[in-house]
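Pasting model-v2.txt here (compact mmCIF, C-alpha atoms and all ligand atoms):
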```
# COMPACT_ATOMS: atom_id res chain seq x y z
CA MET A 376 -172.77 -1.28 105.22
CA THR A 377 -169.10 -0.93 104.33
CA PHE A 378 -170.02 -2.09 100.83
CA LEU A 379 -172.44 0.85 100.44
CA LEU A 380 -169.73 3.36 101.30
CA LEU A 381 -167.60 2.08 98.42
CA ILE A 382 -170.28 2.87 95.88
CA MET A 383 -171.13 6.21 94.28
CA LYS A 384 -173.30 7.37 91.40
CA ALA A 385 -171.89 8.70 88.16
CA ASN A 386 -172.78 9.51 84.56
CA VAL A 387 -171.14 6.74 82.56
CA LEU A 388 -170.48 6.64 78.82
CA GLU A 389 -171.01 2.98 77.99
CA SER A 390 -170.97 2.99 74.18
CA ALA A 391 -171.06 5.33 71.18
CA ASP A 392 -174.74 4.76 70.43
CA LYS A 393 -176.13 5.33 73.93
CA PRO A 394 -176.53 8.52 76.01
CA LEU A 395 -174.74 8.82 79.36
CA VAL A 396 -176.22 6.53 82.03
CA TRP A 397 -176.60 7.66 85.69
CA LYS A 398 -175.69 4.54 87.66
CA GLU A 399 -173.85 3.08 90.63
CA VAL A 400 -170.14 2.54 90.16
CA PRO A 401 -167.26 1.81 92.55
CA LYS A 402 -165.97 4.85 94.42
CA PRO A 403 -162.38 5.66 93.31
CA VAL A 404 -159.54 4.14 95.34
CA LEU A 405 -156.78 6.60 96.19
CA GLN A 406 -153.05 6.12 95.64
CA PRO A 407 -150.37 8.25 97.34
CA GLY A 408 -150.57 11.79 95.90
CA ASP A 409 -154.27 11.50 95.04
CA ALA A 410 -157.20 13.41 96.49
CA LEU A 411 -160.91 12.58 96.48
CA VAL A 412 -163.24 15.50 95.74
CA GLN A 413 -166.95 15.37 96.52
CA ILE A 414 -168.44 17.13 93.52
CA LYS A 415 -170.74 20.08 94.28
CA ALA A 416 -170.94 21.23 90.66
CA ALA A 417 -169.46 20.17 87.32
CA ALA A 418 -169.52 21.99 83.98
CA LEU A 419 -169.66 20.88 80.37
CA ASN A 420 -167.21 21.57 77.59
CA ARG A 421 -167.70 20.82 73.92
CA ARG A 422 -165.14 18.03 74.45
CA ASP A 423 -167.80 16.12 76.42
CA TYR A 424 -170.18 16.43 73.47
CA TRP A 425 -167.50 15.37 70.94
CA ILE A 426 -166.77 12.28 73.07
CA THR A 427 -170.45 11.27 73.31
CA ILE A 428 -170.80 11.38 69.51
CA GLY A 429 -167.58 9.43 69.00
CA LYS A 430 -165.60 12.37 67.51
CA TYR A 431 -162.62 12.42 69.87
CA ALA A 432 -159.30 10.59 69.94
CA GLY A 433 -158.77 7.69 72.36
CA ILE A 434 -162.39 7.11 73.42
CA LYS A 435 -162.77 4.13 75.74
CA TYR A 436 -165.82 2.55 77.34
CA PRO A 437 -166.89 2.74 80.08
CA THR A 438 -165.75 6.26 81.02
CA ILE A 439 -167.12 8.84 83.43
CA LEU A 440 -167.01 12.13 81.50
CA GLY A 441 -166.41 15.63 82.83
CA SER A 442 -163.33 17.86 82.96
CA ASP A 443 -164.65 20.75 85.03
CA GLY A 444 -165.53 20.41 88.68
CA ALA A 445 -165.70 22.14 92.03
CA GLY A 446 -166.25 20.50 95.39
CA ILE A 447 -164.90 19.57 98.80
CA VAL A 448 -161.87 17.37 99.43
CA THR A 449 -162.95 14.39 101.53
CA GLU A 450 -159.88 12.12 101.46
CA VAL A 451 -156.22 12.25 100.44
CA GLY A 452 -153.76 9.47 99.66
CA SER A 453 -150.74 10.98 101.46
CA ASP A 454 -150.27 12.59 104.87
CA ALA A 455 -148.46 15.48 103.18
CA ASP A 456 -151.75 16.49 101.51
CA LYS A 457 -153.90 16.31 104.66
CA HIS A 458 -154.28 20.11 104.75
CA TRP A 459 -156.62 19.78 101.73
CA ILE A 460 -159.22 17.77 103.64
CA GLY A 461 -162.41 19.84 104.05
CA GLN A 462 -161.16 22.53 101.62
CA GLU A 463 -163.45 23.97 98.91
CA VAL A 464 -161.59 23.51 95.64
CA ILE A 465 -161.68 23.74 91.87
CA ILE A 466 -159.76 21.23 89.79
CA ASN A 467 -157.22 21.87 87.03
CA PRO A 468 -158.37 19.24 84.53
CA GLY A 469 -154.98 19.03 82.79
CA TYR A 470 -152.15 16.91 84.18
CA GLY A 471 -148.79 15.60 83.00
CA TRP A 472 -148.02 18.84 81.07
CA GLY A 473 -144.26 18.45 81.64
CA ASP A 474 -141.48 21.02 81.97
CA ASN A 475 -141.77 23.02 78.75
CA PRO A 476 -144.24 25.90 79.18
CA ASN A 477 -144.55 26.24 75.38
CA PHE A 478 -146.28 22.92 74.78
CA GLN A 479 -147.51 19.85 76.62
CA SER A 480 -145.57 16.58 76.92
CA ASP A 481 -146.73 13.27 75.43
CA ASP A 482 -147.97 12.37 78.93
CA PHE A 483 -150.46 15.26 79.02
CA LYS A 484 -153.99 14.11 79.80
CA ILE A 485 -157.36 15.72 80.45
CA LEU A 486 -159.67 14.66 83.24
CA GLY A 487 -162.81 12.91 81.96
CA LEU A 488 -161.04 10.67 79.39
CA PRO A 489 -158.88 8.70 79.80
CA GLU A 490 -159.29 9.02 83.62
CA ASP A 491 -162.81 9.12 85.07
CA GLY A 492 -164.09 12.68 85.39
CA THR A 493 -166.29 15.07 87.28
CA PHE A 494 -169.82 14.03 86.21
CA ALA A 495 -169.96 11.92 89.37
CA GLU A 496 -170.55 12.22 93.08
CA TYR A 497 -166.78 11.87 93.66
CA VAL A 498 -163.72 12.28 91.46
CA LYS A 499 -160.14 11.19 92.08
CA VAL A 500 -157.47 13.73 91.03
CA GLY A 501 -153.83 14.42 91.81
CA ALA A 502 -153.46 16.71 94.82
CA GLY A 503 -151.36 18.95 92.55
CA GLN A 504 -154.47 19.66 90.47
CA LEU A 505 -156.34 21.20 93.41
CA HIS A 506 -156.76 24.97 93.70
CA PRO A 507 -158.76 26.91 96.31
CA LYS A 508 -162.22 27.85 95.03
CA PRO A 509 -162.57 31.64 94.63
CA THR A 510 -164.67 32.56 97.67
CA TYR A 511 -166.91 35.09 95.87
CA LEU A 512 -168.18 32.49 93.37
CA ASN A 513 -170.94 29.96 94.05
CA TRP A 514 -170.39 26.29 93.20
CA GLU A 515 -171.91 26.53 89.71
CA GLN A 516 -169.83 29.58 88.80
CA ALA A 517 -166.63 28.09 90.22
CA ALA A 518 -167.15 24.80 88.36
CA SER A 519 -167.49 26.76 85.09
CA LEU A 520 -163.96 28.13 85.24
CA PRO A 521 -161.36 25.41 84.78
CA LEU A 522 -160.99 24.24 81.18
CA ALA A 523 -162.53 27.15 79.26
CA ALA A 524 -161.08 30.01 81.33
CA LEU A 525 -157.64 28.35 81.33
CA THR A 526 -157.69 27.94 77.54
CA THR A 527 -158.80 31.49 76.80
CA TYR A 528 -156.43 32.98 79.40
CA ARG A 529 -153.48 31.28 77.72
CA ALA A 530 -154.78 32.12 74.22
CA LEU A 531 -155.12 35.82 75.05
CA PHE A 532 -152.20 36.56 77.32
CA VAL A 533 -149.57 33.84 76.85
CA LYS A 534 -149.96 33.18 73.13
CA ALA A 535 -151.30 36.45 71.67
CA ASN A 536 -149.55 38.71 74.19
CA THR A 537 -152.71 40.82 74.34
CA LYS A 538 -152.23 44.26 75.85
CA PRO A 539 -154.62 46.93 77.16
CA GLY A 540 -156.03 48.94 74.25
CA ASP A 541 -155.67 46.06 71.73
CA LYS A 542 -158.65 45.51 69.50
CA VAL A 543 -159.79 41.91 70.04
CA LEU A 544 -162.28 39.85 68.02
CA VAL A 545 -163.89 36.82 69.66
CA THR A 546 -165.66 34.54 67.18
CA GLY A 547 -168.64 32.45 68.34
CA ALA A 548 -169.20 34.59 71.43
CA GLY A 549 -171.90 32.28 72.79
CA SER A 550 -169.47 29.44 73.44
CA GLY A 551 -168.17 28.68 76.93
CA THR A 552 -164.68 29.69 75.81
CA GLY A 553 -166.07 32.71 73.90
CA THR A 554 -167.81 34.23 76.91
CA PHE A 555 -164.60 33.91 78.93
CA ALA A 556 -162.56 35.41 76.09
CA VAL A 557 -164.88 38.44 76.08
CA GLN A 558 -164.79 38.80 79.88
CA LEU A 559 -161.00 38.41 80.20
CA ALA A 560 -160.19 40.74 77.28
CA VAL A 561 -162.63 43.39 78.55
CA ALA A 562 -161.09 43.12 82.04
CA ALA A 563 -157.63 43.58 80.49
CA GLY A 564 -158.74 46.89 78.96
CA CYS A 565 -159.12 45.71 75.36
CA LYS A 566 -161.65 46.90 72.80
CA VAL A 567 -163.66 43.74 72.20
CA TYR A 568 -165.93 42.82 69.29
CA VAL A 569 -167.64 39.50 68.64
CA THR A 570 -169.24 37.31 66.01
CA SER A 571 -172.15 35.04 66.85
CA GLY A 572 -174.89 33.12 65.09
CA SER A 573 -177.54 34.96 67.09
CA ALA A 574 -178.47 38.63 67.55
CA ASP A 575 -179.48 37.88 71.17
CA LYS A 576 -176.04 36.49 71.93
CA ILE A 577 -174.39 39.59 70.44
CA GLU A 578 -176.52 41.67 72.81
CA ALA A 579 -175.54 39.38 75.70
CA ALA A 580 -171.85 39.80 74.79
CA LYS A 581 -172.34 43.58 74.84
CA LYS A 582 -173.65 43.26 78.41
CA LEU A 583 -170.30 41.60 79.24
CA GLY A 584 -168.49 44.64 77.86
CA ALA A 585 -168.09 43.87 74.15
CA ILE A 586 -168.51 46.98 72.00
CA ASP A 587 -170.50 45.36 69.18
CA GLY A 588 -170.71 42.33 66.93
CA VAL A 589 -171.93 40.80 63.69
CA ASN A 590 -173.73 37.59 62.79
CA TYR A 591 -171.36 35.09 61.13
CA LYS A 592 -174.34 33.66 59.24
CA ASP A 593 -174.59 36.90 57.18
CA GLU A 594 -172.80 36.56 53.84
CA ASP A 595 -171.08 39.94 54.30
CA TRP A 596 -170.17 39.58 58.02
CA ALA A 597 -166.51 40.46 57.44
CA GLU A 598 -167.38 43.67 55.56
CA GLN A 599 -169.89 44.59 58.30
CA LEU A 600 -167.21 44.01 60.91
CA THR A 601 -164.66 46.17 59.09
CA LYS A 602 -167.20 49.01 58.89
CA LEU A 603 -167.97 48.65 62.62
CA ALA A 604 -164.50 48.21 64.00
CA GLY A 605 -161.72 48.66 61.45
CA GLY A 606 -159.01 46.00 61.97
CA PHE A 607 -158.12 43.69 64.86
CA ASP A 608 -154.85 43.11 66.68
CA VAL A 609 -155.93 39.79 68.21
CA ILE A 610 -158.52 37.21 67.13
CA ILE A 611 -159.60 34.34 69.38
CA ASP A 612 -161.21 31.59 67.28
CA SER A 613 -162.35 28.09 68.17
CA ALA A 614 -164.59 27.53 65.15
CA LEU A 615 -162.30 27.40 62.06
CA GLY A 616 -164.49 26.31 59.09
CA GLU A 617 -165.11 28.29 55.90
CA GLY A 618 -165.54 31.57 57.80
CA PHE A 619 -161.91 31.47 58.94
CA ALA A 620 -160.76 32.34 55.39
CA LYS A 621 -162.11 35.87 55.91
CA LEU A 622 -160.35 36.49 59.22
CA PRO A 623 -157.05 37.67 57.65
CA ASP A 624 -159.11 40.40 55.91
CA VAL A 625 -160.18 41.86 59.27
CA CYS A 626 -156.68 41.78 60.78
CA ASN A 627 -154.43 44.75 61.40
CA PRO A 628 -150.84 44.23 60.19
CA GLY A 629 -148.97 42.06 62.71
CA ALA A 630 -152.19 40.59 64.16
CA ARG A 631 -152.26 37.29 66.04
CA MET A 632 -155.07 34.78 65.39
CA VAL A 633 -155.13 32.17 68.15
CA ILE A 634 -156.94 28.89 67.48
CA PHE A 635 -157.78 25.98 69.77
CA GLY A 636 -160.86 24.29 68.31
CA GLY A 637 -162.71 23.43 65.13
CA THR A 638 -166.41 23.60 65.98
CA ALA A 639 -167.32 24.60 62.40
CA GLY A 640 -164.80 22.37 60.59
CA ASN A 641 -161.14 22.54 59.62
CA LEU A 642 -158.91 25.29 58.20
CA PRO A 643 -160.10 26.41 54.75
CA PRO A 644 -157.67 27.41 51.96
CA LEU A 645 -156.04 30.70 52.99
CA ASN A 646 -154.39 33.49 50.99
CA GLY A 647 -150.77 32.93 52.05
CA ARG A 648 -149.61 36.21 50.50
CA LYS A 649 -151.93 38.13 52.81
CA LEU A 650 -150.46 36.28 55.77
CA PHE A 651 -146.78 36.94 55.06
CA TRP A 652 -147.09 40.42 53.51
CA ARG A 653 -149.04 41.69 56.51
CA GLN A 654 -146.99 39.54 58.95
CA LEU A 655 -150.03 37.84 60.44
CA GLN A 656 -149.65 34.92 62.81
CA ILE A 657 -151.89 31.89 63.26
CA ILE A 658 -151.04 30.41 66.65
CA GLY A 659 -152.28 27.10 68.03
CA THR A 660 -152.82 26.64 71.75
CA MET A 661 -154.02 23.89 74.12
CA MET A 662 -155.48 24.48 77.57
CA GLY A 663 -152.44 25.43 79.70
CA ASN A 664 -150.04 24.26 82.42
CA ASN A 665 -150.47 24.64 86.17
CA ASP A 666 -148.72 28.04 86.11
CA ASP A 667 -151.23 29.25 83.50
CA PHE A 668 -154.03 27.89 85.70
CA LYS A 669 -152.74 29.83 88.74
CA ALA A 670 -152.29 32.98 86.64
CA MET A 671 -155.83 32.57 85.25
CA LEU A 672 -157.25 32.21 88.77
CA ASP A 673 -155.31 35.27 90.02
CA PHE A 674 -156.59 37.31 87.07
CA VAL A 675 -160.18 36.14 87.54
CA ILE A 676 -160.08 36.92 91.27
CA GLU A 677 -158.37 40.30 90.78
CA HIS A 678 -161.05 41.40 88.30
CA LYS A 679 -163.89 39.65 90.18
CA ILE A 680 -164.95 37.92 86.97
CA VAL A 681 -168.17 35.95 87.34
CA PRO A 682 -168.51 33.11 84.80
CA VAL A 683 -171.66 33.16 82.68
CA VAL A 684 -173.84 30.17 83.60
CA ASP A 685 -176.39 29.44 80.89
CA GLU A 686 -178.37 26.65 82.55
CA VAL A 687 -178.04 24.38 85.56
CA PHE A 688 -179.08 20.71 85.40
CA LEU A 689 -179.04 18.12 88.15
CA LEU A 690 -175.85 16.07 88.32
CA SER A 691 -177.93 13.04 87.39
CA GLU A 692 -179.08 14.79 84.18
CA ALA A 693 -175.76 14.94 82.32
CA ALA A 694 -177.24 13.18 79.27
CA LYS A 695 -179.86 15.94 78.90
CA ALA A 696 -177.24 18.65 79.46
CA VAL A 697 -174.86 17.22 76.83
CA GLN A 698 -177.74 17.05 74.36
CA LYS A 699 -178.23 20.81 74.76
CA MET A 700 -174.78 21.33 73.20
CA GLU A 701 -175.91 19.73 69.96
CA ASN A 702 -177.54 22.90 68.62
CA SER A 703 -175.28 25.39 70.50
CA SER A 704 -178.25 27.28 71.94
CA GLN A 705 -176.31 28.12 75.12
CA PHE A 706 -174.65 31.41 76.00
CA GLY A 707 -171.85 30.51 78.39
CA LYS A 708 -171.52 27.39 80.48
CA ILE A 709 -173.90 24.49 80.99
CA VAL A 710 -173.56 23.24 84.57
CA LEU A 711 -174.52 20.15 86.60
CA LYS A 712 -175.30 20.63 90.29
CA ALA A 713 -175.07 17.89 92.91
N1 LIG B 1 -157.71 22.82 72.49
C1 LIG B 1 -158.19 23.19 73.66
O1 LIG B 1 -157.47 23.31 74.65
C2 LIG B 1 -159.65 23.50 73.76
C3 LIG B 1 -160.17 24.00 74.96
C4 LIG B 1 -161.51 24.37 75.01
C5 LIG B 1 -162.31 24.21 73.87
N2 LIG B 1 -161.77 23.69 72.74
C6 LIG B 1 -162.58 23.59 71.51
O2 LIG B 1 -163.04 24.90 71.24
C7 LIG B 1 -164.36 24.86 70.73
C8 LIG B 1 -165.28 25.65 71.65
O3 LIG B 1 -165.43 24.96 72.86
P1 LIG B 1 -166.57 25.35 73.89
O4 LIG B 1 -166.60 24.33 74.96
O5 LIG B 1 -166.39 26.77 74.26
O6 LIG B 1 -167.84 25.19 72.91
P2 LIG B 1 -169.38 25.48 73.08
O7 LIG B 1 -169.66 26.14 74.39
O8 LIG B 1 -170.10 24.22 72.74
O9 LIG B 1 -169.69 26.54 71.93
C9 LIG B 1 -169.72 26.26 70.57
C10 LIG B 1 -169.94 27.59 69.84
O10 LIG B 1 -169.40 27.53 68.56
C11 LIG B 1 -169.85 28.67 67.88
N3 LIG B 1 -169.89 28.44 66.45
C12 LIG B 1 -170.52 27.47 65.78
N4 LIG B 1 -170.33 27.64 64.45
C13 LIG B 1 -169.56 28.74 64.30
C14 LIG B 1 -169.03 29.45 63.19
N5 LIG B 1 -169.25 29.05 61.93
N6 LIG B 1 -168.26 30.55 63.41
C15 LIG B 1 -168.04 30.97 64.67
N7 LIG B 1 -168.51 30.36 65.76
C16 LIG B 1 -169.27 29.25 65.58
C17 LIG B 1 -171.26 28.96 68.43
O11 LIG B 1 -171.25 30.33 68.84
P3 LIG B 1 -172.57 31.22 68.89
O12 LIG B 1 -173.46 30.51 69.85
O13 LIG B 1 -172.13 32.55 69.38
O14 LIG B 1 -173.13 31.25 67.51
C18 LIG B 1 -171.36 27.97 69.60
O15 LIG B 1 -171.98 28.51 70.74
C19 LIG B 1 -164.74 23.40 70.61
O16 LIG B 1 -164.46 22.96 69.28
C20 LIG B 1 -163.82 22.71 71.62
O17 LIG B 1 -163.60 21.38 71.30
C21 LIG B 1 -160.46 23.34 72.66
```

Structure re-expressed in structure tokens:
Amino acid sequence: MTFLLLIMKANVLESADKPLVWKEVPKPVLQPGDALVQIKAAALNRRDYWITIGKYAGIKYPTILGSDGAGIVTEVGSDADKHWIGQEVIINPGYGWGDNPNFQSDDFKILGLPEDGTFAEYVKVGAGQLHPKPTYLNWEQAASLPLAALTTYRALFVKANTKPGDKVLVTGAGSGTGTFAVQLAVAAGCKVYVTSGSADKIEAAKKLGAIDGVNYKDEDWAEQLTKLAGGFDVIIDSALGEGFAKLPDVCNPGARMVIFGGTAGNLPPLNGRKLFWRQLQIIGTMMGNNDDFKAMLDFVIEHKIVPVVDEVFLLSEAAKAVQKMENSSQFGKIVLKA
């Protein structure tokens, strides 16, 4: 009987050539400062997909994937954290950021590799990573927030210093991060435009408050965008690839282009003269620290932002859910529900 209580089920990555396996594994053992969260919902990020296809640094087997999660705290490792027991929480998946708000320390890690993540019945996290779940969101919506909303919040407001009235371009609006970038920038009073590979997703972005958009698969998408919108003050891009070479052409002088991913490849050759003459900035960013996470949550709650959930799978179906990311057919977040 006791033995059974020490077992849980989880989606385990066992090797590079095999999909995630839903199986019994030992329940995590807590150390002082830890908390155990019973997962109610977990959400996918492209990181989970990159890891399953072997395109991520530091992959180790076996690993339980998953950075995003929401659930109920069932145990803590220290008496000082007892107030968390029974609380409904979301988890900041980043830890070990360090003291410098400008960039993470060498100890920075993301839940779901190297440490076991949220695609499981229970996950062990540091009590410092716990945040109260926004009460107006259901489990699936709350689980969608952590990694993507944190990253786009920092990209928009900490890195690009986006202000009300700024004209903002979000590339790849169908992505989890893209939908949040649209929602946060619209809530901040910006004039938001998008690119997407699908006309339906441009329409969906307009329902979130974007003014209009163009299809990045069209040869002349940058010219179309200039006709539609003029120039942009801020661009949020997680695609890079060949298309990035045209972004300086759609910038206003002094614009900030914030990057945090390379879904479509790496940086192409850029016209450096355009960058310095028009004083454009390309700014890298990574997730965010715990202060950014708190600020993101405050902003989301203040503006009653409801994350866009594309599809909900059972927790046991993580392999199927990750596969959906392969062709990027989603608009918003793919979620697993316990
Ligand atoms: N560094 C960090 O802290 C951090 C944090 C979060 C994410 N990321 C990275 O950021 C990227 C997005 O992550 P995610 O989880 O939001 O991904 P996701 O939900 O899987 O979305 C991927 C999206 O990429 C877009 N895309 C594909 N090719 C494109 C192109 N040529 N131009 C513009 N957009 C294109 C598609 O948009 P449409 O569907 O609209 O066509 C697609 O939906 C990934 O590379 C991820 O690894 C990094």

Using all atoms listed in the file, the best pick from A:Ile610, A:Ile428, A:Leu600, A:Leu411 as closest to Gly446 (chain A) would be A:Leu411

query: Within 12 Å of (-173.0, 35.0, 59.4), in the coordinates the file gives, what residues turn up when you count all atoms listed in the file, written out as a PyMOL selection string?
result: chain A and resi 546-547+569-574+588-600+617-619+621

> Separation of CA of Ile634 (chain A) and CA of Asn646 (chain A), in Å?
Replying inline: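 Answer for the CA of Ile634 (chain A) to CA of Asn646 (chain A) separation: 17.3 Å.
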
Students should find that CA of Phe668 (chain A) and CA of Val464 (chain A) are spaced 13.2 Å

Note to self: Within 7 Å of ligand LIG 1 (chain B) (counting all atoms listed in the file), which residues show up? I'd like them as JSON, numbers by chain.
What the structure shows: {"A": [420, 421, 422, 522, 523, 526, 546, 547, 548, 549, 550, 551, 552, 553, 570, 571, 572, 573, 576, 591, 613, 614, 615, 616, 618, 635, 636, 637, 638, 639, 660, 661, 662, 700, 703, 704, 705, 706, 707, 708]}

Please save C-alpha atoms of the selected residues as a compact mmCIF listing (two decimals), in the frame of the given file.
```txt
# COMPACT_ATOMS: atom_id res chain seq x y z
CA ASN A 420 -167.21 21.57 77.59
CA ARG A 421 -167.70 20.82 73.92
CA ARG A 422 -165.14 18.03 74.45
CA LEU A 522 -160.99 24.24 81.18
CA ALA A 523 -162.53 27.15 79.26
CA THR A 526 -157.69 27.94 77.54
CA THR A 546 -165.66 34.54 67.18
CA GLY A 547 -168.64 32.45 68.34
CA ALA A 548 -169.20 34.59 71.43
CA GLY A 549 -171.90 32.28 72.79
CA SER A 550 -169.47 29.44 73.44
CA GLY A 551 -168.17 28.68 76.93
CA THR A 552 -164.68 29.69 75.81
CA GLY A 553 -166.07 32.71 73.90
CA THR A 570 -169.24 37.31 66.01
CA SER A 571 -172.15 35.04 66.85
CA GLY A 572 -174.89 33.12 65.09
CA SER A 573 -177.54 34.96 67.09
CA LYS A 576 -176.04 36.49 71.93
CA TYR A 591 -171.36 35.09 61.13
CA SER A 613 -162.35 28.09 68.17
CA ALA A 614 -164.59 27.53 65.15
CA LEU A 615 -162.30 27.40 62.06
CA GLY A 616 -164.49 26.31 59.09
CA GLY A 618 -165.54 31.57 57.80
CA PHE A 635 -157.78 25.98 69.77
CA GLY A 636 -160.86 24.29 68.31
CA GLY A 637 -162.71 23.43 65.13
CA THR A 638 -166.41 23.60 65.98
CA ALA A 639 -167.32 24.60 62.40
CA THR A 660 -152.82 26.64 71.75
CA MET A 661 -154.02 23.89 74.12
CA MET A 662 -155.48 24.48 77.57
CA MET A 700 -174.78 21.33 73.20
CA SER A 703 -175.28 25.39 70.50
CA SER A 704 -178.25 27.28 71.94
CA GLN A 705 -176.31 28.12 75.12
CA PHE A 706 -174.65 31.41 76.00
CA GLY A 707 -171.85 30.51 78.39
CA LYS A 708 -171.52 27.39 80.48
```

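Compared by their closest atoms to Ile577 (chain A), and using all atoms listed in the file, the residues A:Val545, A:Leu642, A:Leu559, A:Ala670 rank with A:Val545 nearest.
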
The residue from A:Pro468, A:Gly444, A:Gly408, A:Gly605 with the smallest atom-to-atom distance to Asn664 (chain A), counting only C-alpha atoms, is A:Pro468

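Nearest residue to Ala502 (chain A) among A:Gln516, A:Gln406, A:Asn536, A:Thr527 is A:Gln406, counting all atoms listed in the file.
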
Review point. Neighbours of Ile465 (chain A) within 7 Å (all atoms listed in the file; same-chain residues fewer than 5 positions away dropped), as a list of chain:residue names?
Key: A:Gly444, A:Ala445, A:Gly446, A:Leu505, A:His506, A:Pro507, A:Lys508, A:Ala517, A:Ala518

- Message: Nearest residue to Asp541 (chain A) out of A:Glu490, A:Asp673, A:Asp608, A:Asp575, using only C-alpha atoms?
- Response: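 Using only C-alpha atoms, the shortest distance to Asp541 (chain A) belongs to A:Asp608.
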